[in-house]
Every structure is written in C-alpha cells, then in structure tokens.
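A.B. asks: Dropping in data_7.txt, which is compact mmCIF, N, CA and C atoms:
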```
# COMPACT_ATOMS: atom_id res chain seq x y z
N MET B 1 -19.40 12.05 4.48
CA MET B 1 -18.14 11.68 3.85
C MET B 1 -17.55 12.93 3.21
N SER B 2 -16.32 13.22 3.56
CA SER B 2 -15.66 14.38 2.95
C SER B 2 -14.94 13.94 1.68
N GLU B 3 -14.85 14.86 0.76
CA GLU B 3 -14.22 14.56 -0.52
C GLU B 3 -13.05 15.52 -0.74
N ILE B 4 -11.92 14.98 -1.18
CA ILE B 4 -10.78 15.81 -1.54
C ILE B 4 -10.43 15.53 -2.99
N SER B 5 -9.74 16.45 -3.60
CA SER B 5 -9.33 16.29 -4.98
C SER B 5 -7.84 15.93 -5.01
N ILE B 6 -7.50 14.89 -5.75
CA ILE B 6 -6.11 14.46 -5.85
C ILE B 6 -5.75 14.33 -7.33
N PRO B 7 -4.76 15.12 -7.78
CA PRO B 7 -4.35 15.02 -9.18
C PRO B 7 -3.41 13.83 -9.41
N PHE B 8 -3.56 13.18 -10.55
CA PHE B 8 -2.67 12.10 -10.96
C PHE B 8 -2.08 12.47 -12.32
N GLN B 9 -0.81 12.15 -12.50
CA GLN B 9 -0.12 12.42 -13.76
C GLN B 9 0.41 11.11 -14.33
N ARG B 10 0.15 10.89 -15.61
CA ARG B 10 0.74 9.74 -16.31
C ARG B 10 2.17 10.10 -16.69
N LEU B 11 3.11 9.23 -16.36
CA LEU B 11 4.52 9.47 -16.69
C LEU B 11 4.92 8.77 -17.99
N SER B 12 4.01 7.97 -18.53
CA SER B 12 4.24 7.32 -19.83
C SER B 12 2.88 6.99 -20.44
N GLU B 13 2.91 6.60 -21.69
CA GLU B 13 1.65 6.22 -22.36
C GLU B 13 1.11 4.89 -21.84
N LYS B 14 1.96 4.08 -21.23
CA LYS B 14 1.53 2.79 -20.68
C LYS B 14 0.70 2.95 -19.40
N ALA B 15 0.87 4.08 -18.73
CA ALA B 15 0.26 4.29 -17.41
C ALA B 15 -1.25 4.36 -17.48
N LYS B 16 -1.88 3.84 -16.41
CA LYS B 16 -3.33 3.94 -16.23
C LYS B 16 -3.59 4.66 -14.92
N ILE B 17 -4.49 5.63 -14.96
CA ILE B 17 -4.85 6.36 -13.75
C ILE B 17 -5.55 5.38 -12.79
N PRO B 18 -5.21 5.42 -11.48
CA PRO B 18 -5.87 4.53 -10.52
C PRO B 18 -7.39 4.64 -10.62
N ALA B 19 -8.07 3.50 -10.48
CA ALA B 19 -9.52 3.46 -10.67
C ALA B 19 -10.19 2.62 -9.60
N GLN B 20 -11.43 2.99 -9.27
CA GLN B 20 -12.26 2.20 -8.36
C GLN B 20 -13.11 1.25 -9.19
N ALA B 21 -13.32 0.05 -8.67
CA ALA B 21 -14.24 -0.88 -9.33
C ALA B 21 -15.67 -0.38 -9.15
N THR B 22 -16.00 0.07 -7.94
CA THR B 22 -17.30 0.67 -7.67
C THR B 22 -17.09 1.94 -6.86
N PHE B 23 -18.07 2.83 -6.87
CA PHE B 23 -17.95 4.13 -6.21
C PHE B 23 -17.62 4.01 -4.73
N SER B 24 -18.11 2.99 -4.06
CA SER B 24 -17.93 2.88 -2.61
C SER B 24 -16.65 2.15 -2.21
N ASP B 25 -15.84 1.71 -3.16
CA ASP B 25 -14.58 1.03 -2.81
C ASP B 25 -13.62 1.98 -2.12
N ALA B 26 -12.93 1.49 -1.10
CA ALA B 26 -11.94 2.30 -0.39
C ALA B 26 -10.66 2.46 -1.21
N GLY B 27 -10.30 1.43 -1.95
CA GLY B 27 -9.05 1.43 -2.69
C GLY B 27 -9.24 1.70 -4.17
N TYR B 28 -8.20 2.32 -4.74
CA TYR B 28 -8.14 2.56 -6.18
C TYR B 28 -7.11 1.59 -6.75
N ASP B 29 -7.49 0.85 -7.78
CA ASP B 29 -6.58 -0.13 -8.37
C ASP B 29 -5.35 0.55 -8.97
N LEU B 30 -4.17 -0.04 -8.70
CA LEU B 30 -2.93 0.39 -9.32
C LEU B 30 -2.54 -0.66 -10.36
N PHE B 31 -2.08 -0.20 -11.51
CA PHE B 31 -1.73 -1.07 -12.63
C PHE B 31 -0.24 -0.99 -12.91
N THR B 32 0.37 -2.11 -13.23
CA THR B 32 1.79 -2.10 -13.57
C THR B 32 2.00 -1.78 -15.04
N THR B 33 3.15 -1.23 -15.33
CA THR B 33 3.50 -0.91 -16.72
C THR B 33 4.56 -1.88 -17.26
N GLU B 34 4.81 -2.95 -16.52
CA GLU B 34 5.83 -3.90 -16.95
C GLU B 34 5.39 -5.33 -16.70
N ALA B 35 5.95 -6.24 -17.46
CA ALA B 35 5.67 -7.67 -17.29
C ALA B 35 6.89 -8.33 -16.66
N TYR B 36 6.62 -9.24 -15.73
CA TYR B 36 7.71 -9.95 -15.06
C TYR B 36 7.09 -11.12 -14.31
N THR B 37 7.76 -12.27 -14.30
CA THR B 37 7.28 -13.42 -13.55
C THR B 37 8.01 -13.51 -12.22
N LEU B 38 7.24 -13.41 -11.13
CA LEU B 38 7.81 -13.51 -9.78
C LEU B 38 8.02 -14.97 -9.43
N LYS B 39 9.23 -15.30 -9.04
CA LYS B 39 9.56 -16.65 -8.59
C LYS B 39 9.15 -16.80 -7.12
N PRO B 40 8.98 -18.00 -6.63
CA PRO B 40 8.67 -18.20 -5.21
C PRO B 40 9.73 -17.54 -4.32
N GLY B 41 9.26 -16.77 -3.35
CA GLY B 41 10.16 -16.09 -2.42
C GLY B 41 10.78 -14.81 -2.95
N GLU B 42 10.56 -14.49 -4.21
CA GLU B 42 11.15 -13.31 -4.83
C GLU B 42 10.29 -12.07 -4.59
N ARG B 43 10.97 -10.91 -4.51
CA ARG B 43 10.26 -9.63 -4.43
C ARG B 43 10.77 -8.73 -5.54
N LYS B 44 9.90 -7.83 -6.01
CA LYS B 44 10.27 -6.94 -7.11
C LYS B 44 9.48 -5.64 -6.99
N LEU B 45 10.13 -4.54 -7.36
CA LEU B 45 9.49 -3.24 -7.43
C LEU B 45 8.89 -3.08 -8.83
N TYR B 46 7.57 -2.98 -8.89
CA TYR B 46 6.86 -2.76 -10.15
C TYR B 46 6.54 -1.28 -10.27
N LYS B 47 6.78 -0.71 -11.44
CA LYS B 47 6.48 0.69 -11.70
C LYS B 47 5.03 0.83 -12.20
N THR B 48 4.40 1.92 -11.79
CA THR B 48 3.05 2.23 -12.28
C THR B 48 3.08 3.35 -13.31
N ASN B 49 4.19 4.11 -13.34
CA ASN B 49 4.33 5.29 -14.21
C ASN B 49 3.25 6.33 -13.92
N ILE B 50 2.85 6.39 -12.64
CA ILE B 50 1.87 7.37 -12.16
C ILE B 50 2.52 8.19 -11.05
N ALA B 51 2.29 9.49 -11.08
CA ALA B 51 2.71 10.38 -9.99
C ALA B 51 1.47 11.10 -9.48
N THR B 52 1.54 11.58 -8.26
CA THR B 52 0.39 12.26 -7.67
C THR B 52 0.86 13.36 -6.73
N ALA B 53 -0.07 14.21 -6.35
CA ALA B 53 0.19 15.27 -5.36
C ALA B 53 -0.90 15.15 -4.29
N ILE B 54 -0.58 14.39 -3.27
CA ILE B 54 -1.53 14.16 -2.18
C ILE B 54 -1.53 15.39 -1.27
N PRO B 55 -2.69 15.90 -0.90
CA PRO B 55 -2.73 17.09 -0.05
C PRO B 55 -2.08 16.86 1.31
N HIS B 56 -1.51 17.93 1.88
CA HIS B 56 -0.93 17.87 3.22
C HIS B 56 -2.02 17.40 4.19
N GLY B 57 -1.63 16.53 5.12
CA GLY B 57 -2.59 15.99 6.07
C GLY B 57 -3.11 14.63 5.67
N TYR B 58 -2.69 14.15 4.50
CA TYR B 58 -3.10 12.84 4.00
C TYR B 58 -1.86 12.09 3.51
N TYR B 59 -1.99 10.81 3.30
CA TYR B 59 -0.95 10.02 2.66
C TYR B 59 -1.62 8.91 1.86
N GLY B 60 -0.87 8.32 0.95
CA GLY B 60 -1.39 7.19 0.18
C GLY B 60 -0.82 5.91 0.74
N ARG B 61 -1.68 4.92 0.97
CA ARG B 61 -1.22 3.62 1.44
C ARG B 61 -1.39 2.62 0.31
N ILE B 62 -0.32 1.91 0.00
CA ILE B 62 -0.39 0.86 -1.01
C ILE B 62 -0.71 -0.44 -0.28
N ALA B 63 -1.83 -1.03 -0.65
CA ALA B 63 -2.32 -2.23 0.03
C ALA B 63 -2.45 -3.38 -0.96
N PRO B 64 -2.40 -4.63 -0.45
CA PRO B 64 -2.54 -5.77 -1.36
C PRO B 64 -3.95 -5.89 -1.93
N ARG B 65 -4.05 -6.58 -3.02
CA ARG B 65 -5.35 -6.95 -3.58
C ARG B 65 -5.70 -8.30 -2.97
N SER B 66 -6.88 -8.40 -2.42
CA SER B 66 -7.28 -9.60 -1.67
C SER B 66 -7.15 -10.88 -2.49
N TRP B 67 -7.63 -10.87 -3.73
CA TRP B 67 -7.59 -12.11 -4.51
C TRP B 67 -6.17 -12.53 -4.85
N LEU B 68 -5.26 -11.56 -5.06
CA LEU B 68 -3.86 -11.93 -5.32
C LEU B 68 -3.24 -12.58 -4.09
N ALA B 69 -3.53 -12.03 -2.92
CA ALA B 69 -2.98 -12.58 -1.68
C ALA B 69 -3.57 -13.95 -1.38
N TYR B 70 -4.88 -14.07 -1.45
CA TYR B 70 -5.56 -15.30 -1.07
C TYR B 70 -5.32 -16.44 -2.08
N LYS B 71 -5.51 -16.16 -3.34
CA LYS B 71 -5.43 -17.22 -4.36
C LYS B 71 -4.01 -17.52 -4.82
N HIS B 72 -3.10 -16.52 -4.75
CA HIS B 72 -1.79 -16.71 -5.35
C HIS B 72 -0.61 -16.41 -4.42
N GLY B 73 -0.87 -16.01 -3.18
CA GLY B 73 0.21 -15.73 -2.23
C GLY B 73 1.05 -14.51 -2.58
N ILE B 74 0.49 -13.57 -3.33
CA ILE B 74 1.21 -12.35 -3.72
C ILE B 74 0.82 -11.24 -2.75
N ASP B 75 1.82 -10.65 -2.10
CA ASP B 75 1.56 -9.61 -1.11
C ASP B 75 2.38 -8.36 -1.42
N VAL B 76 2.03 -7.27 -0.76
CA VAL B 76 2.70 -5.98 -0.91
C VAL B 76 3.63 -5.76 0.27
N LEU B 77 4.84 -5.31 -0.01
CA LEU B 77 5.78 -4.92 1.04
C LEU B 77 5.85 -3.38 1.06
N ALA B 78 6.06 -2.82 2.23
CA ALA B 78 6.12 -1.37 2.42
C ALA B 78 4.79 -0.74 2.00
N GLY B 79 4.80 0.50 1.57
CA GLY B 79 3.57 1.03 1.02
C GLY B 79 3.06 2.35 1.53
N VAL B 80 3.91 3.30 1.91
CA VAL B 80 3.45 4.63 2.30
C VAL B 80 3.94 5.64 1.26
N ILE B 81 3.01 6.42 0.71
CA ILE B 81 3.34 7.50 -0.21
C ILE B 81 3.03 8.81 0.52
N ASP B 82 4.07 9.53 0.92
CA ASP B 82 3.90 10.79 1.64
C ASP B 82 3.39 11.89 0.72
N SER B 83 2.80 12.92 1.33
CA SER B 83 2.20 14.01 0.55
C SER B 83 3.24 14.78 -0.27
N TRP B 84 4.47 14.82 0.16
CA TRP B 84 5.50 15.57 -0.57
C TRP B 84 6.06 14.80 -1.77
N TYR B 85 5.83 13.49 -1.86
CA TYR B 85 6.44 12.66 -2.91
C TYR B 85 5.77 12.92 -4.26
N ARG B 86 6.57 13.16 -5.28
CA ARG B 86 6.04 13.43 -6.62
C ARG B 86 6.57 12.46 -7.68
N GLY B 87 7.29 11.43 -7.28
CA GLY B 87 7.87 10.50 -8.24
C GLY B 87 6.92 9.38 -8.64
N ASP B 88 7.45 8.47 -9.45
CA ASP B 88 6.72 7.30 -9.92
C ASP B 88 6.31 6.45 -8.71
N ILE B 89 5.04 6.14 -8.61
CA ILE B 89 4.56 5.29 -7.53
C ILE B 89 4.93 3.85 -7.85
N GLY B 90 5.78 3.27 -7.02
CA GLY B 90 6.20 1.89 -7.20
C GLY B 90 5.47 0.98 -6.22
N VAL B 91 5.32 -0.27 -6.61
CA VAL B 91 4.66 -1.27 -5.77
C VAL B 91 5.63 -2.44 -5.61
N ILE B 92 6.00 -2.73 -4.36
CA ILE B 92 6.89 -3.87 -4.09
C ILE B 92 6.01 -5.09 -3.83
N LEU B 93 6.11 -6.08 -4.71
CA LEU B 93 5.36 -7.32 -4.54
C LEU B 93 6.31 -8.44 -4.13
N ILE B 94 5.79 -9.39 -3.35
CA ILE B 94 6.53 -10.58 -2.96
C ILE B 94 5.66 -11.80 -3.21
N ASN B 95 6.30 -12.86 -3.66
CA ASN B 95 5.60 -14.11 -3.95
C ASN B 95 5.83 -15.09 -2.79
N PHE B 96 4.81 -15.27 -1.96
CA PHE B 96 4.88 -16.21 -0.84
C PHE B 96 4.42 -17.61 -1.24
N TRP B 97 4.04 -17.80 -2.49
CA TRP B 97 3.52 -19.08 -2.96
C TRP B 97 4.68 -19.98 -3.41
N HIS B 98 4.40 -21.20 -3.76
CA HIS B 98 5.44 -22.16 -4.16
C HIS B 98 5.57 -22.29 -5.68
N GLU B 99 4.85 -21.43 -6.43
CA GLU B 99 4.92 -21.48 -7.89
C GLU B 99 5.24 -20.09 -8.44
N ASP B 100 5.81 -20.08 -9.66
CA ASP B 100 6.02 -18.81 -10.36
C ASP B 100 4.67 -18.12 -10.55
N PHE B 101 4.68 -16.78 -10.54
CA PHE B 101 3.45 -16.04 -10.80
C PHE B 101 3.72 -14.95 -11.83
N PRO B 102 3.15 -15.12 -13.04
CA PRO B 102 3.38 -14.11 -14.09
C PRO B 102 2.51 -12.88 -13.86
N ILE B 103 3.13 -11.72 -14.00
CA ILE B 103 2.41 -10.45 -13.93
C ILE B 103 2.63 -9.76 -15.27
N ASN B 104 1.54 -9.34 -15.88
CA ASN B 104 1.60 -8.76 -17.22
C ASN B 104 1.40 -7.26 -17.18
N GLU B 105 1.92 -6.59 -18.19
CA GLU B 105 1.72 -5.15 -18.32
C GLU B 105 0.22 -4.86 -18.29
N GLY B 106 -0.17 -3.89 -17.47
CA GLY B 106 -1.58 -3.52 -17.38
C GLY B 106 -2.36 -4.24 -16.29
N ASP B 107 -1.73 -5.24 -15.63
CA ASP B 107 -2.42 -5.97 -14.56
C ASP B 107 -2.64 -5.07 -13.34
N LYS B 108 -3.75 -5.31 -12.65
CA LYS B 108 -4.01 -4.68 -11.35
C LYS B 108 -3.13 -5.39 -10.34
N ILE B 109 -2.26 -4.63 -9.65
CA ILE B 109 -1.31 -5.30 -8.75
C ILE B 109 -1.45 -4.89 -7.28
N ALA B 110 -2.16 -3.79 -7.02
CA ALA B 110 -2.30 -3.33 -5.63
C ALA B 110 -3.45 -2.33 -5.58
N GLN B 111 -3.74 -1.87 -4.37
CA GLN B 111 -4.74 -0.83 -4.18
C GLN B 111 -4.06 0.40 -3.57
N PHE B 112 -4.56 1.56 -3.95
CA PHE B 112 -4.06 2.83 -3.45
C PHE B 112 -5.18 3.42 -2.59
N ILE B 113 -4.89 3.60 -1.30
CA ILE B 113 -5.91 4.08 -0.36
C ILE B 113 -5.41 5.39 0.23
N ILE B 114 -6.26 6.41 0.18
CA ILE B 114 -5.91 7.71 0.76
C ILE B 114 -6.37 7.72 2.22
N GLU B 115 -5.44 8.03 3.11
CA GLU B 115 -5.75 8.04 4.54
C GLU B 115 -5.33 9.36 5.16
N LYS B 116 -6.03 9.74 6.21
CA LYS B 116 -5.74 10.97 6.94
C LYS B 116 -4.58 10.73 7.89
N CYS B 117 -3.66 11.70 7.96
CA CYS B 117 -2.55 11.65 8.93
C CYS B 117 -3.00 12.31 10.22
N HIS B 118 -2.49 11.84 11.30
CA HIS B 118 -2.73 12.47 12.60
C HIS B 118 -1.38 12.90 13.14
N TYR B 119 -1.17 14.21 13.18
CA TYR B 119 0.09 14.74 13.68
C TYR B 119 -0.03 14.87 15.19
N VAL B 120 0.99 14.43 15.89
CA VAL B 120 0.93 14.40 17.35
C VAL B 120 2.05 15.23 17.95
N GLN B 121 1.79 15.71 19.14
CA GLN B 121 2.81 16.40 19.92
C GLN B 121 3.62 15.32 20.62
N ARG B 122 4.91 15.23 20.33
CA ARG B 122 5.75 14.21 20.95
C ARG B 122 6.28 14.73 22.27
N GLU B 123 6.33 13.84 23.24
CA GLU B 123 6.81 14.21 24.56
C GLU B 123 7.58 13.03 25.14
N GLU B 124 8.84 13.24 25.44
CA GLU B 124 9.62 12.19 26.08
C GLU B 124 9.35 12.21 27.57
N VAL B 125 9.09 11.03 28.15
CA VAL B 125 8.81 10.92 29.59
C VAL B 125 9.69 9.85 30.20
N GLN B 126 9.83 9.88 31.50
CA GLN B 126 10.60 8.87 32.21
C GLN B 126 9.77 7.60 32.42
N GLU B 127 8.46 7.75 32.58
CA GLU B 127 7.57 6.61 32.76
C GLU B 127 6.27 6.86 32.03
N LEU B 128 5.66 5.79 31.59
CA LEU B 128 4.35 5.89 30.96
C LEU B 128 3.27 5.65 32.00
N PRO B 129 2.07 6.19 31.79
CA PRO B 129 0.99 5.92 32.74
C PRO B 129 0.64 4.43 32.72
N GLU B 130 0.18 3.93 33.84
CA GLU B 130 -0.23 2.53 33.93
C GLU B 130 -1.45 2.29 33.05
N SER B 131 -1.58 1.06 32.60
CA SER B 131 -2.79 0.67 31.87
C SER B 131 -3.42 -0.51 32.59
N GLN B 132 -4.63 -0.85 32.20
CA GLN B 132 -5.32 -1.97 32.84
C GLN B 132 -4.53 -3.27 32.67
N ARG B 133 -3.99 -3.47 31.50
CA ARG B 133 -3.33 -4.75 31.22
C ARG B 133 -1.83 -4.69 31.40
N GLY B 134 -1.22 -3.59 31.03
CA GLY B 134 0.23 -3.50 31.13
C GLY B 134 0.92 -4.41 30.14
N GLU B 135 2.23 -4.31 30.05
CA GLU B 135 2.99 -5.11 29.08
C GLU B 135 3.01 -6.59 29.45
N TRP B 136 3.17 -6.91 30.73
CA TRP B 136 3.28 -8.31 31.13
C TRP B 136 1.98 -9.06 30.87
N ALA B 137 0.84 -8.43 31.12
CA ALA B 137 -0.44 -9.10 30.88
C ALA B 137 -0.58 -9.43 29.41
N ARG B 138 -0.20 -8.50 28.52
CA ARG B 138 -0.29 -8.75 27.09
C ARG B 138 0.66 -9.88 26.70
N TRP B 139 1.89 -9.86 27.19
CA TRP B 139 2.86 -10.88 26.85
C TRP B 139 2.41 -12.26 27.33
N SER B 140 1.85 -12.34 28.53
CA SER B 140 1.45 -13.64 29.06
C SER B 140 0.31 -14.25 28.28
N THR B 141 -0.57 -13.44 27.69
CA THR B 141 -1.66 -14.00 26.88
C THR B 141 -1.13 -14.55 25.56
N TRP B 142 -0.02 -14.00 25.06
CA TRP B 142 0.58 -14.55 23.84
C TRP B 142 1.17 -15.92 24.07
N GLN B 143 1.59 -16.19 25.27
CA GLN B 143 2.25 -17.45 25.58
C GLN B 143 1.28 -18.62 25.75
N GLN B 144 0.00 -18.33 25.88
CA GLN B 144 -0.99 -19.39 26.12
C GLN B 144 -1.37 -20.12 24.86
```
Would you mind giving the structure from this file in structure tokens?
C.D. replies:
Amino acid sequence: MSEISIPFQRLSEKAKIPAQATFSDAGYDLFTTEAYTLKPGERKLYKTNIATAIPHGYYGRIAPRSWLAYKHGIDVLAGVIDSWYRGDIGVILINFWHEDFPINEGDKIAQFIIEKCHYVQREEVQELPESQRGEWARWSTWQQ
C-alpha cells in the first residue's frame, strides 16, 4: 500500500479535519458546518469549511455514507474534487426519502476518498474495434 501526504486547511473554527473511523477505512468522514433540514426531494450544498491540496495524479471523490443512504434515503450528488481545487469542499446532498431529514452542525455527511487518476492518450477513430458482445448484445440483455 502506497502512502501519500495530503494537507487539509480549516477555513473556520467550526471545521473538522476529515477522519477515518478505523485505519483501514477507504473513506474519510466529512463533517458539515451548518444545520439544515432537507425536505423530501430537496437537494442542498453543505459546506465543510475544509480546503485541501490533492497531489497531481490523484483526485478526491465525495461518496455517500452507507447508513445515511440505506436508513434515511440521503445520497450524494456529484462529487469530484480535482487536484487543482483549493476552495471549500462542498457536499451536495439529496433527500430521496418521504420525510424531512434534519442535519446538524458537526454531523458526518459524506466520505472523502482519494483515488488515482489515469491519464489517457485520446485518439479519434472512424470505427472502434469489435468486441465479443458489441452494443446490440448488451442492449438486448437489458430488454429481458
């Protein structure tokens, strides 16, 4: 397992540095600095008041917290933090449940996962190589 160092900056006194529950967790908990009750079907950008400098070749992915999604229907929309971004990390939450869901200052609202980028050589072609299944085979299995 390779280890990289990532600096985090608190942008306010309310901010909490992302934390792992256990050493082997893939995600670091993100905490909100504001309280707001999400209505059913509503989405909102929650501020964490945290900034970071992710090394080139990596990005931060904001992912849902399993228990929020499963028990309360709260999910994350969007969620890529590029290495060049230095602003407040925001988390867009949506309430897919049928009841209001209160979120309080300091609550864990998402996970921050550092992932490796793979830069590719792009090449425009007139045709793609054939595959075993092709597009039609994939489409026809969806229809069954």
A.B. asks: Any idea what the distance is between atom C of Glu3 (chain B) and atom N of Ile50 (chain B)?
C.D. replies: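 Between atom C of Glu3 (chain B) and atom N of Ile50 (chain B) the gap is 21.9 Å.
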A.B. asks: For Tyr58 (chain B), please output as JSON, numbers by chain all residues within 6 Å (counting all atoms listed in the file; exclusion window: fewer than 4 positions along the same chain).
C.D. replies: {"B": [54, 82, 83, 115, 116, 117]}
A.B. asks: Any idea what the distance is between CA of Leu68 (chain B) and CA of Ile6 (chain B)?
C.D. replies: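 CA of Ile6 (chain B) lies 26.5 Å from CA of Leu68 (chain B).
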A.B. asks: Show me the residues around (1.9, -1.2, -20.6) - criterion: an atom at most 6 Å away, only N, CA and C atoms counted - as an MDAnalysis selection string.
C.D. replies: chainID B and resid 14:15 32:34 105:106
A.B. asks: Hey, can you check how far atom C of Phe23 (chain B) sits from atom C of Ile81 (chain B)?
C.D. replies: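 So the two atoms, atom C of Phe23 (chain B) and atom C of Ile81 (chain B), lie 21.8 Å apart.
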A.B. asks: May I ask which of the residues B:Ile113, B:Ile94, B:Pro7, B:Ala21 is the closest one to Glu42 (chain B), counting all atoms listed in the file?
C.D. replies: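 The closest residue to Glu42 (chain B) is B:Ile94.
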A.B. asks: Excluding same-chain residues fewer than 6 positions from Ala78 (chain B), what lies within 8 Å of it counting all atoms listed in the file, as a PDB file with N, CA and C atoms, keeping the file's coordinate frame?
C.D. replies:
```pdb
ATOM      1  N   ARG B  61      -1.680   4.920   0.970  1.00  0.00           N
ATOM      2  CA  ARG B  61      -1.220   3.620   1.440  1.00  0.00           C
ATOM      3  C   ARG B  61      -1.390   2.620   0.310  1.00  0.00           C
ATOM      4  N   ILE B  62      -0.320   1.910   0.000  1.00  0.00           N
ATOM      5  CA  ILE B  62      -0.390   0.860  -1.010  1.00  0.00           C
ATOM      6  C   ILE B  62      -0.710  -0.440  -0.280  1.00  0.00           C
ATOM      7  N   ALA B  63      -1.830  -1.030  -0.650  1.00  0.00           N
ATOM      8  CA  ALA B  63      -2.320  -2.230   0.030  1.00  0.00           C
ATOM      9  C   ALA B  63      -2.450  -3.380  -0.960  1.00  0.00           C
ATOM     10  N   VAL B  91       5.320  -0.270  -6.610  1.00  0.00           N
ATOM     11  CA  VAL B  91       4.660  -1.270  -5.770  1.00  0.00           C
ATOM     12  C   VAL B  91       5.630  -2.440  -5.610  1.00  0.00           C
ATOM     13  N   ILE B  92       6.000  -2.730  -4.360  1.00  0.00           N
ATOM     14  CA  ILE B  92       6.890  -3.870  -4.090  1.00  0.00           C
ATOM     15  C   ILE B  92       6.010  -5.090  -3.830  1.00  0.00           C
ATOM     16  N   LEU B  93       6.110  -6.080  -4.710  1.00  0.00           N
ATOM     17  CA  LEU B  93       5.360  -7.320  -4.540  1.00  0.00           C
ATOM     18  C   LEU B  93       6.310  -8.440  -4.130  1.00  0.00           C
TER      19      LEU B  93
END
```
A.B. asks: DSSP on the backbone: what in chain B comes out strand (DSSP E or B), as an MDAnalysis selection string?
C.D. replies: chainID B and resid 8:10 19 28:31 36:38 43:47 50:52 58:63 74:77 80:81 90:95 101:103 108:116
